[in-house]
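This is upload_9.cif (mmCIF, C-alpha atoms).
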```cif
data_my_file
#
loop_
_atom_site.label_atom_id
_atom_site.label_comp_id
_atom_site.auth_asym_id
_atom_site.auth_seq_id
_atom_site.Cartn_x
_atom_site.Cartn_y
_atom_site.Cartn_z
CA MET A 1 -17.46 6.89 20.11
CA THR A 2 -13.91 6.87 21.43
CA TRP A 3 -10.55 6.50 19.75
CA ARG A 4 -9.03 3.05 19.98
CA SER A 5 -5.45 2.01 19.69
CA ALA A 6 -4.65 -0.24 16.73
CA THR A 7 -1.41 -2.02 15.90
CA VAL A 8 -0.22 -2.70 12.36
CA VAL A 9 0.09 -6.49 12.01
CA GLY A 10 0.53 -6.79 8.26
CA LEU A 11 1.24 -4.80 5.10
CA ARG A 12 0.52 -5.92 1.53
CA ASP A 13 1.00 -3.97 -1.68
CA GLU A 14 -2.07 -4.36 -3.93
CA THR A 15 -0.89 -2.17 -6.83
CA ALA A 16 1.92 0.33 -7.43
CA THR A 17 -0.02 2.91 -5.43
CA ALA A 18 -2.33 0.98 -3.11
CA ARG A 19 -1.45 -0.87 0.07
CA THR A 20 -3.52 -3.01 2.38
CA ILE A 21 -2.90 -2.46 6.08
CA ALA A 22 -3.94 -5.18 8.54
CA LEU A 23 -4.67 -3.87 12.02
CA ALA A 24 -5.25 -5.53 15.37
CA VAL A 25 -7.67 -3.29 17.23
CA ARG A 26 -8.06 -3.35 20.98
CA ASP A 27 -11.66 -4.16 22.09
CA TRP A 28 -12.90 -4.19 18.50
CA PRO A 29 -16.66 -4.92 18.50
CA SER A 30 -16.61 -6.36 14.92
CA HIS A 31 -18.26 -4.53 12.05
CA ILE A 32 -20.76 -4.83 9.22
CA ALA A 33 -19.54 -5.04 5.61
CA GLY A 34 -19.49 -1.53 4.11
CA GLN A 35 -18.66 0.35 7.28
CA HIS A 36 -15.62 2.59 7.59
CA VAL A 37 -13.17 3.75 10.23
CA ASP A 38 -11.64 7.14 10.92
CA VAL A 39 -7.86 7.09 11.29
CA ARG A 40 -6.13 9.86 13.25
CA LEU A 41 -2.46 10.67 12.90
CA THR A 42 -0.87 13.11 15.32
CA ALA A 43 2.47 14.83 14.69
CA PRO A 44 4.94 15.47 17.53
CA ASP A 45 3.84 19.15 17.56
CA GLY A 46 0.24 18.12 18.25
CA TYR A 47 -1.10 18.73 14.75
CA SER A 48 -3.49 15.95 13.85
CA ALA A 49 -5.23 14.80 10.69
CA VAL A 50 -8.25 12.49 10.44
CA ARG A 51 -9.16 10.49 7.34
CA SER A 52 -11.91 7.95 6.69
CA TYR A 53 -11.08 4.55 5.20
CA SER A 54 -13.48 1.78 4.30
CA ILE A 55 -12.93 -1.59 5.91
CA ALA A 56 -11.95 -4.12 3.23
CA SER A 57 -12.12 -7.30 5.30
CA ALA A 58 -15.15 -9.42 6.17
CA PRO A 59 -16.59 -9.11 9.67
CA ASN A 60 -14.87 -11.47 12.10
CA SER A 61 -14.46 -11.93 15.81
CA ASP A 62 -10.67 -11.90 16.05
CA GLY A 63 -10.29 -8.15 16.47
CA ARG A 64 -8.54 -7.69 13.14
CA ILE A 65 -9.50 -5.50 10.23
CA GLU A 66 -7.91 -4.56 6.92
CA ILE A 67 -8.08 -1.24 5.13
CA THR A 68 -6.73 -0.54 1.65
CA VAL A 69 -5.25 2.90 1.12
CA GLU A 70 -4.63 4.50 -2.28
CA ARG A 71 -1.63 6.82 -2.32
CA LEU A 72 -2.55 10.31 -3.49
CA ALA A 73 0.25 12.41 -4.97
CA ASN A 74 -0.59 15.47 -2.89
CA GLY A 75 -2.06 13.61 0.04
CA GLU A 76 -1.25 14.54 3.61
CA VAL A 77 -1.97 11.15 5.18
CA SER A 78 -1.99 8.51 2.42
CA PRO A 79 1.75 8.78 1.53
CA TYR A 80 2.60 8.09 5.16
CA LEU A 81 0.21 5.13 5.41
CA THR A 82 1.36 3.58 2.12
CA LYS A 83 5.12 4.22 2.38
CA GLU A 84 6.31 4.98 5.90
CA LEU A 85 4.13 2.80 8.09
CA LEU A 86 5.76 -0.37 9.48
CA VAL A 87 4.48 -3.56 11.08
CA GLY A 88 4.33 -2.94 14.83
CA ASP A 89 3.42 0.75 14.51
CA ASP A 90 0.37 2.04 16.36
CA LEU A 91 -2.48 4.11 14.92
CA GLU A 92 -5.51 5.74 16.50
CA LEU A 93 -8.77 4.58 15.08
CA ARG A 94 -12.49 5.32 15.59
CA GLY A 95 -15.17 2.92 14.42
CA PRO A 96 -16.87 0.95 13.08
CA ILE A 97 -18.81 3.82 11.53
CA GLY A 98 -21.98 4.14 9.46
CA GLY A 99 -25.14 2.04 9.42
CA TRP A 100 -26.53 2.81 5.95
CA PHE A 101 -23.99 1.81 3.30
CA VAL A 102 -23.84 -1.76 4.61
CA TRP A 103 -24.69 -5.29 3.45
CA ARG A 104 -26.06 -7.53 6.18
CA ARG A 105 -25.87 -11.32 5.99
CA ASP A 106 -29.67 -11.67 6.27
CA GLN A 107 -30.20 -9.80 2.97
CA THR A 108 -31.22 -12.39 0.36
CA GLU A 109 -32.11 -10.14 -2.60
CA PRO A 110 -29.81 -9.78 -5.64
CA ILE A 111 -26.98 -7.33 -4.99
CA GLN A 112 -25.49 -5.04 -7.61
CA LEU A 113 -22.14 -3.53 -6.71
CA VAL A 114 -20.75 -0.66 -8.78
CA ALA A 115 -17.20 0.47 -8.03
CA GLY A 116 -15.20 3.39 -9.37
CA GLY A 117 -11.46 3.01 -8.65
CA SER A 118 -10.74 2.50 -4.96
CA GLY A 119 -14.51 2.58 -4.40
CA ILE A 120 -14.11 -1.20 -4.65
CA VAL A 121 -12.89 -1.36 -1.04
CA PRO A 122 -16.19 -1.41 0.93
CA LEU A 123 -17.78 -3.51 -1.84
CA MET A 124 -14.98 -6.08 -1.43
CA ALA A 125 -15.88 -6.30 2.25
CA MET A 126 -19.43 -7.19 1.15
CA ILE A 127 -18.17 -9.84 -1.32
CA ARG A 128 -15.87 -11.31 1.34
CA SER A 129 -18.65 -11.21 3.90
CA ARG A 130 -20.99 -13.05 1.53
CA ALA A 131 -18.36 -15.77 1.05
CA SER A 132 -17.48 -16.06 4.73
CA VAL A 133 -21.08 -16.54 5.91
CA GLY A 134 -22.01 -18.86 3.01
CA SER A 135 -24.74 -16.54 1.74
CA THR A 136 -26.42 -17.44 -1.55
CA ALA A 137 -27.53 -13.89 -2.38
CA PRO A 138 -26.74 -13.32 -6.09
CA PHE A 139 -23.91 -10.77 -6.33
CA ARG A 140 -22.71 -8.86 -9.38
CA LEU A 141 -19.91 -6.32 -9.55
CA LEU A 142 -19.36 -3.67 -12.21
CA TYR A 143 -15.85 -2.38 -11.59
CA SER A 144 -14.70 0.75 -13.38
CA VAL A 145 -10.94 1.11 -13.20
CA ARG A 146 -8.28 3.14 -14.99
CA GLU A 147 -6.24 0.23 -16.36
CA PRO A 148 -5.55 -3.46 -15.64
CA GLY A 149 -2.62 -2.61 -13.34
CA ALA A 150 -4.86 -0.52 -11.11
CA VAL A 151 -7.28 -3.36 -10.30
CA LEU A 152 -7.49 -4.10 -6.58
CA TYR A 153 -8.05 -7.69 -5.37
CA GLY A 154 -7.93 -8.98 -8.99
CA ASP A 155 -6.75 -12.52 -8.19
CA GLU A 156 -9.24 -12.95 -5.38
CA LEU A 157 -12.12 -11.68 -7.53
CA ARG A 158 -11.10 -14.07 -10.30
CA ALA A 159 -10.95 -17.00 -7.89
CA LEU A 160 -14.34 -16.16 -6.40
CA SER A 161 -16.04 -15.78 -9.77
CA ASP A 162 -14.32 -18.79 -11.40
CA GLN A 163 -14.57 -21.31 -8.62
CA ASP A 164 -17.98 -20.92 -7.11
CA HIS A 165 -19.64 -18.14 -9.10
CA SER A 166 -20.21 -16.25 -5.89
CA VAL A 167 -19.86 -12.97 -7.75
CA ILE A 168 -20.13 -12.12 -11.45
CA VAL A 169 -17.54 -9.48 -12.30
CA THR A 170 -17.57 -7.06 -15.24
CA TYR A 171 -14.67 -4.66 -15.70
CA ALA A 172 -14.91 -1.28 -17.36
CA TYR A 173 -11.50 0.18 -18.19
CA THR A 174 -11.39 3.94 -18.55
CA ARG A 175 -7.83 4.59 -19.87
CA ALA A 176 -6.22 1.35 -21.06
CA THR A 177 -7.71 -2.10 -21.61
CA PRO A 178 -6.22 -5.62 -21.56
CA LYS A 179 -5.22 -6.89 -25.02
CA ASP A 180 -8.20 -9.24 -25.32
CA SER A 181 -10.76 -6.57 -24.50
CA SER A 182 -13.42 -5.86 -27.12
CA ARG A 183 -14.56 -2.60 -25.56
CA PRO A 184 -12.45 0.52 -26.10
CA PRO A 185 -11.48 2.41 -22.96
CA GLY A 186 -14.19 4.68 -21.67
CA ARG A 187 -16.38 5.47 -18.71
CA ILE A 188 -19.36 3.25 -17.94
CA ASP A 189 -22.39 3.80 -20.15
CA ALA A 190 -25.94 2.55 -20.69
CA MET A 191 -24.65 -0.41 -22.74
CA LEU A 192 -22.45 -1.61 -19.89
CA ILE A 193 -25.28 -1.15 -17.41
CA ALA A 194 -27.48 -3.27 -19.72
CA THR A 195 -24.93 -6.08 -20.11
CA GLY A 196 -22.98 -5.91 -16.85
CA THR A 197 -25.63 -5.43 -14.14
CA TRP A 198 -28.78 -7.13 -12.87
CA PRO A 199 -31.91 -6.03 -14.75
CA SER A 200 -34.17 -3.75 -12.72
CA ASN A 201 -37.05 -6.27 -12.73
CA LEU A 202 -35.03 -8.45 -10.32
CA ASN A 203 -35.27 -5.56 -7.84
CA PRO A 204 -31.63 -5.67 -6.76
CA THR A 205 -30.23 -3.46 -4.06
CA SER A 206 -27.36 -1.49 -5.56
CA TYR A 207 -24.30 -0.15 -3.78
CA VAL A 208 -22.32 2.47 -5.69
CA CYS A 209 -18.98 3.72 -4.39
CA GLY A 210 -16.37 5.94 -5.98
CA PRO A 211 -15.42 9.56 -6.60
CA THR A 212 -18.37 11.96 -6.51
CA SER A 213 -18.56 12.44 -10.29
CA PHE A 214 -18.45 8.67 -10.88
CA VAL A 215 -21.19 7.97 -8.35
CA GLU A 216 -23.35 10.70 -9.86
CA HIS A 217 -22.92 9.24 -13.34
CA ALA A 218 -23.50 5.61 -12.29
CA ASN A 219 -26.52 6.58 -10.22
CA ASP A 220 -28.09 8.37 -13.20
CA LEU A 221 -27.44 5.36 -15.46
CA LEU A 222 -29.04 2.94 -12.96
CA ILE A 223 -32.10 5.16 -12.59
CA ALA A 224 -32.37 5.49 -16.39
CA ALA A 225 -32.24 1.66 -16.59
CA GLY A 226 -35.31 1.47 -14.37
CA HIS A 227 -33.82 1.02 -10.91
CA GLY A 228 -35.69 2.69 -8.07
CA ARG A 229 -33.86 5.52 -6.34
CA GLU A 230 -34.79 3.90 -3.00
CA ASN A 231 -32.87 0.73 -3.95
CA ILE A 232 -29.57 2.50 -4.65
CA ARG A 233 -27.16 3.30 -1.84
CA THR A 234 -24.18 5.49 -2.54
CA GLU A 235 -20.88 6.37 -0.96
CA ARG A 236 -18.92 9.19 -2.55
CA PHE A 237 -15.40 10.33 -1.88
CA GLY A 238 -14.00 13.67 -2.87
CA ALA A 239 -11.47 14.47 -5.58
CA THR A 240 -9.27 15.67 -2.74
CA GLY A 241 -9.09 12.07 -1.56
CA GLU A 242 -10.48 12.82 1.85
CA ARG A 243 -12.17 9.43 1.73
CA LYS A 244 -10.61 6.00 1.16
CA MET B 1 -30.88 25.74 -5.86
CA SER B 2 -27.60 25.08 -7.61
CA VAL B 3 -24.65 23.92 -5.53
CA PRO B 4 -21.23 22.72 -6.74
CA MET B 5 -20.61 18.96 -7.12
CA ASN B 6 -17.86 18.53 -4.55
CA TYR B 7 -19.89 16.81 -1.90
CA LEU B 8 -19.84 13.47 -0.12
CA ASP B 9 -22.75 11.52 1.36
CA GLY B 10 -24.21 11.99 4.81
CA ASN B 11 -22.66 8.67 5.84
CA ALA B 12 -19.25 10.35 5.74
CA ALA B 13 -20.35 12.45 8.75
CA ALA B 14 -21.02 9.38 10.89
CA GLY B 15 -17.65 9.46 12.65
CA GLU B 16 -17.82 13.14 13.58
CA LEU B 17 -21.46 12.87 14.67
CA SER B 18 -20.63 9.82 16.81
CA ARG B 19 -18.83 12.25 19.12
CA ILE B 20 -22.18 13.87 19.86
CA PHE B 21 -24.92 11.26 19.47
CA ALA B 22 -25.05 7.92 21.25
CA MET B 23 -26.43 6.20 18.14
CA ASP B 24 -25.70 6.38 14.43
CA ILE B 25 -28.09 9.06 13.16
CA THR B 26 -26.92 8.69 9.55
CA SER B 27 -29.16 5.63 9.04
CA ALA B 28 -32.18 7.45 10.53
CA GLU B 29 -34.87 8.85 8.26
CA GLY B 30 -35.61 12.54 8.46
CA GLN B 31 -37.62 15.25 6.77
CA CYS B 32 -36.27 18.38 5.10
CA ALA B 33 -37.81 21.46 6.72
CA ASN B 34 -37.79 23.28 3.39
CA CYS B 35 -39.16 20.92 0.72
CA GLY B 36 -40.60 18.17 2.91
CA ALA B 37 -38.56 15.40 1.24
CA MET B 38 -38.04 12.29 3.34
CA GLY B 39 -34.68 10.56 3.30
CA ARG B 40 -31.99 8.86 5.29
CA PHE B 41 -29.48 11.29 6.70
CA ALA B 42 -26.85 9.14 4.94
CA GLU B 43 -28.33 10.24 1.60
CA ALA B 44 -27.91 13.97 2.25
CA HIS B 45 -25.11 15.77 0.44
CA LEU B 46 -22.22 16.51 2.77
CA TYR B 47 -19.77 19.37 2.28
CA VAL B 48 -16.47 19.17 4.13
CA GLN B 49 -14.41 21.88 2.38
CA CYS B 50 -15.51 24.40 4.98
CA PRO B 51 -14.89 25.02 8.69
CA GLY B 52 -16.84 22.00 9.89
CA LEU B 53 -19.55 19.98 8.18
CA VAL B 54 -22.59 21.10 6.21
CA ALA B 55 -25.26 18.61 5.16
CA ARG B 56 -27.76 19.67 2.51
CA CYS B 57 -31.01 18.09 1.31
CA ALA B 58 -30.22 15.90 -1.73
CA LEU B 59 -33.34 17.21 -3.47
CA CYS B 60 -33.55 20.96 -2.79
CA GLY B 61 -30.10 21.81 -1.39
CA TYR B 62 -31.46 23.31 1.84
CA VAL B 63 -29.05 23.19 4.78
CA LEU B 64 -30.12 20.30 7.06
CA LEU B 65 -27.25 20.36 9.54
CA ARG B 66 -24.17 22.39 10.34
CA CYS B 67 -21.53 21.24 12.79
CA VAL B 68 -18.55 23.44 13.57
CA ASN B 69 -15.78 22.80 16.09
CA THR B 70 -14.00 25.56 17.96
CA GLU B 71 -11.58 25.17 20.85
CA GLN B 72 -14.33 25.76 23.40
CA HIS B 73 -17.46 24.35 21.74
CA VAL B 74 -19.02 22.23 19.04
CA PHE B 75 -21.74 24.30 17.39
CA LEU B 76 -24.58 22.17 16.11
CA ASP B 77 -27.32 23.67 13.93
CA LEU B 78 -30.17 21.28 13.10
CA ARG B 79 -32.76 23.77 11.87
CA GLY B 80 -33.10 22.19 8.45
CA MET B 81 -34.56 18.93 9.70
CA LYS B 82 -38.18 18.86 10.76
CA TYR B 83 -37.51 15.58 12.54
CA LEU B 84 -35.39 12.41 12.57
CA ALA B 85 -36.99 8.99 13.11
CA LEU B 86 -34.56 6.93 15.19
CA ALA B 87 -35.03 3.15 15.25
CA THR B 88 -35.83 1.99 18.79
CA THR B 89 -33.71 -1.14 18.31
CA GLN B 90 -30.69 1.10 17.69
CA LEU B 91 -31.57 3.31 20.67
CA GLN B 92 -31.51 0.24 22.89
CA GLU B 93 -28.11 -0.82 21.48
CA ALA B 94 -26.70 2.67 22.07
CA GLY B 95 -28.05 2.79 25.60
CA SER B 96 -26.65 -0.56 26.67
#
```

Please rewrite the model in this file as structure tokens.
Amino acid sequence: MTWRSATVVGLRDETATARTIALAVRDWPSHIAGQHVDVRLTAPDGYSAVRSYSIASAPNSDGRIEITVERLANGEVSPYLTKELLVGDDLELRGPIGGWFVWRRDQTEPIQLVAGGSGIVPLMAMIRSRASVGSTAPFRLLYSVREPGAVLYGDELRALSDQDHSVIVTYAYTRATPKDSSRPPGRIDAMLIATGTWPSNLNPTSYVCGPTSFVEHANDLLIAAGHGRENIRTERFGATGERK
Amino acid sequence: MSVPMNYLDGNAAAGELSRIFAMDITSAEGQCANCGAMGRFAEAHLYVQCPGLVARCALCGYVLLRCVNTEQHVFLDLRGMKYLALATTQLQEAGS
């Protein structure tokens, strides 16, 4: 797979630390929801750094994709992408990548999405893909996030769940909750799995994405709730922020 | 075997491995040469805090694949996989 040239065509701040970057990619072959791209930045002295970012947008044929990048305090690449990058700048990009952590439009079974922090990004591509192809597959999302201000795509998720019930969303706040929340802040637990996800007898396919420790924990909870290991697909990213 | 919990999934290796293989091997099913477990390569545990990539069996921790870049070569060690079953539909796509 070769590196392609991509041009920044739009920038949108999602939260205080996350920015969505819209890219026009030359000869882009389209993608499948859940896939990622590798982005390569090269300094004038030839030093280069490669990072993987999930595609946030639904598959389309117009050669455009969006990625959402979370700024990491000690990051080497994410501060540049979220602060310095301007519309019109060029990036090198390799993709679309990965054929396992994907949702295809011909899947009709119930889908359980479980996101930890910016692990929402590839799952949002699946939700957007479902909406754009008019799929009727039942979707649920359990979204674990630090605090209300850190929620990505909050308005769009609300619109999708309010207007046409295309996805049922349950939030789990880990540090600070909205005022009307009945659940104290805390990581996801068996109770939330019981109330906020499809029961295992519906045989959903689950997609879990987040930091390694989150994915490990969520995976264990799903298995304890009766879900088959073979029906759970995971995508972890490191504490170093090498992914997303 | 006990290994530290700082790993990613095999799918994170897909970009690097696309430099070598014509098709996406991360969605292929393979067998661990040590414990005999079957799984998608994407489900292996991937370690990247090392010079290159190391993929280990998610069940027993055995090294399935090592891939290390030097200036002159890419060293690829696949001893830990008894085999990989590649979907013929994907082979055709990659060959076209």

message = Based on all atoms listed in the file, which of the residues in chain B come within 6 Å of chain A? I want them as a VMD selection string.
response = chain B and resid 8 to 9 11 14 to 15 18 to 19 27

Resolved residues for the PyMOL selection byres ((chain A and resi 85) around 12) as a PDB file with C-alpha atoms, in the frame of the given file:
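So the final result, stored in expr-v6.pdb, reads:
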```pdb
ATOM      1  CA  THR A   7      -1.410  -2.020  15.900  1.00  0.00           C
ATOM      2  CA  VAL A   8      -0.220  -2.700  12.360  1.00  0.00           C
ATOM      3  CA  VAL A   9       0.090  -6.490  12.010  1.00  0.00           C
ATOM      4  CA  GLY A  10       0.530  -6.790   8.260  1.00  0.00           C
ATOM      5  CA  LEU A  11       1.240  -4.800   5.100  1.00  0.00           C
ATOM      6  CA  ARG A  12       0.520  -5.920   1.530  1.00  0.00           C
ATOM      7  CA  ARG A  19      -1.450  -0.870   0.070  1.00  0.00           C
ATOM      8  CA  THR A  20      -3.520  -3.010   2.380  1.00  0.00           C
ATOM      9  CA  ILE A  21      -2.900  -2.460   6.080  1.00  0.00           C
ATOM     10  CA  ALA A  22      -3.940  -5.180   8.540  1.00  0.00           C
ATOM     11  CA  LEU A  23      -4.670  -3.870  12.020  1.00  0.00           C
ATOM     12  CA  LEU A  41      -2.460  10.670  12.900  1.00  0.00           C
ATOM     13  CA  VAL A  69      -5.250   2.900   1.120  1.00  0.00           C
ATOM     14  CA  VAL A  77      -1.970  11.150   5.180  1.00  0.00           C
ATOM     15  CA  SER A  78      -1.990   8.510   2.420  1.00  0.00           C
ATOM     16  CA  PRO A  79       1.750   8.780   1.530  1.00  0.00           C
ATOM     17  CA  TYR A  80       2.600   8.090   5.160  1.00  0.00           C
ATOM     18  CA  LEU A  81       0.210   5.130   5.410  1.00  0.00           C
ATOM     19  CA  THR A  82       1.360   3.580   2.120  1.00  0.00           C
ATOM     20  CA  LYS A  83       5.120   4.220   2.380  1.00  0.00           C
ATOM     21  CA  GLU A  84       6.310   4.980   5.900  1.00  0.00           C
ATOM     22  CA  LEU A  86       5.760  -0.370   9.480  1.00  0.00           C
ATOM     23  CA  VAL A  87       4.480  -3.560  11.080  1.00  0.00           C
ATOM     24  CA  GLY A  88       4.330  -2.940  14.830  1.00  0.00           C
ATOM     25  CA  ASP A  89       3.420   0.750  14.510  1.00  0.00           C
ATOM     26  CA  ASP A  90       0.370   2.040  16.360  1.00  0.00           C
ATOM     27  CA  LEU A  91      -2.480   4.110  14.920  1.00  0.00           C
TER      28      LEU A  91
END
```

request  = On this file, the PyMOL selection byres ((chain B and resi 23) around 7) gives some set of residues; write that set as an MDAnalysis selection string.
outcome  = chainID B and resid 18 21:22 24:25 90:91 94

query = Which residue, A:Leu72, A:Val145, A:Leu113, A:Ala16, has the smallest gap to Val208 in chain A when you use all atoms listed in the file?
reply = A:Leu113

message = Using the chain letters and numbers from this file, what does the PyMOL selection byres ((chain B and resi 57-72) around 12) select? Give the answer as a ChimeraX atom specification.
response = /A:216,229 /B:1-5,7-10,13,16-17,19-20,25-26,30-48,50-56,73-84

query = Quick one, how far is CA of Ala125 in chain A from CA of Ile32 in chain A?
reply = 8.6 Å

Rebuild N, CA and C atoms on range 55-81 of chain B, as a compact mmCIF listing (two decimals), in the frame of the given file?
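The result, stored in rebuild-v5.txt:
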```txt
# COMPACT_ATOMS: atom_id res chain seq x y z
N ALA B 55 -24.48 19.60 5.89
CA ALA B 55 -25.26 18.61 5.16
C ALA B 55 -26.44 19.32 4.51
N ARG B 56 -26.65 19.05 3.23
CA ARG B 56 -27.76 19.67 2.51
C ARG B 56 -28.72 18.60 1.98
N CYS B 57 -29.98 18.96 1.88
CA CYS B 57 -31.01 18.09 1.31
C CYS B 57 -30.59 17.69 -0.11
N ALA B 58 -30.64 16.38 -0.42
CA ALA B 58 -30.22 15.90 -1.73
C ALA B 58 -31.15 16.39 -2.83
N LEU B 59 -32.38 16.77 -2.46
CA LEU B 59 -33.34 17.21 -3.47
C LEU B 59 -33.32 18.72 -3.69
N CYS B 60 -33.42 19.50 -2.61
CA CYS B 60 -33.55 20.96 -2.79
C CYS B 60 -32.31 21.74 -2.39
N GLY B 61 -31.33 21.10 -1.75
CA GLY B 61 -30.10 21.81 -1.39
C GLY B 61 -30.17 22.59 -0.09
N TYR B 62 -31.30 22.56 0.58
CA TYR B 62 -31.46 23.31 1.84
C TYR B 62 -30.51 22.76 2.91
N VAL B 63 -29.98 23.64 3.74
CA VAL B 63 -29.05 23.19 4.78
C VAL B 63 -29.81 22.43 5.88
N LEU B 64 -29.47 21.15 6.04
CA LEU B 64 -30.12 20.30 7.06
C LEU B 64 -29.39 20.39 8.39
N LEU B 65 -28.07 20.41 8.31
CA LEU B 65 -27.25 20.36 9.54
C LEU B 65 -25.95 21.11 9.30
N ARG B 66 -25.51 21.81 10.34
CA ARG B 66 -24.17 22.39 10.34
C ARG B 66 -23.52 21.99 11.65
N CYS B 67 -22.26 21.64 11.58
CA CYS B 67 -21.53 21.24 12.79
C CYS B 67 -20.13 21.84 12.70
N VAL B 68 -19.84 22.73 13.60
CA VAL B 68 -18.55 23.44 13.57
C VAL B 68 -17.84 23.30 14.92
N ASN B 69 -16.58 22.94 14.86
CA ASN B 69 -15.78 22.80 16.09
C ASN B 69 -14.96 24.06 16.33
N THR B 70 -14.97 24.54 17.55
CA THR B 70 -14.00 25.56 17.96
C THR B 70 -13.26 24.97 19.16
N GLU B 71 -12.31 25.70 19.70
CA GLU B 71 -11.58 25.17 20.85
C GLU B 71 -12.50 24.93 22.04
N GLN B 72 -13.47 25.82 22.22
CA GLN B 72 -14.33 25.76 23.40
C GLN B 72 -15.60 24.94 23.19
N HIS B 73 -16.14 24.93 21.96
CA HIS B 73 -17.46 24.35 21.74
C HIS B 73 -17.55 23.61 20.41
N VAL B 74 -18.55 22.74 20.34
CA VAL B 74 -19.02 22.23 19.04
C VAL B 74 -20.37 22.90 18.80
N PHE B 75 -20.48 23.65 17.72
CA PHE B 75 -21.74 24.30 17.39
C PHE B 75 -22.54 23.40 16.47
N LEU B 76 -23.74 23.09 16.87
CA LEU B 76 -24.58 22.17 16.11
C LEU B 76 -25.88 22.89 15.74
N ASP B 77 -26.13 22.99 14.44
CA ASP B 77 -27.32 23.67 13.93
C ASP B 77 -28.15 22.65 13.17
N LEU B 78 -29.33 22.34 13.69
CA LEU B 78 -30.17 21.28 13.10
C LEU B 78 -31.46 21.84 12.53
N ARG B 79 -31.48 23.13 12.21
CA ARG B 79 -32.76 23.77 11.87
C ARG B 79 -33.40 23.20 10.60
N GLY B 80 -32.59 22.62 9.75
CA GLY B 80 -33.10 22.19 8.45
C GLY B 80 -33.82 20.86 8.46
N MET B 81 -33.85 20.21 9.63
CA MET B 81 -34.56 18.93 9.70
C MET B 81 -35.80 19.08 10.57
```
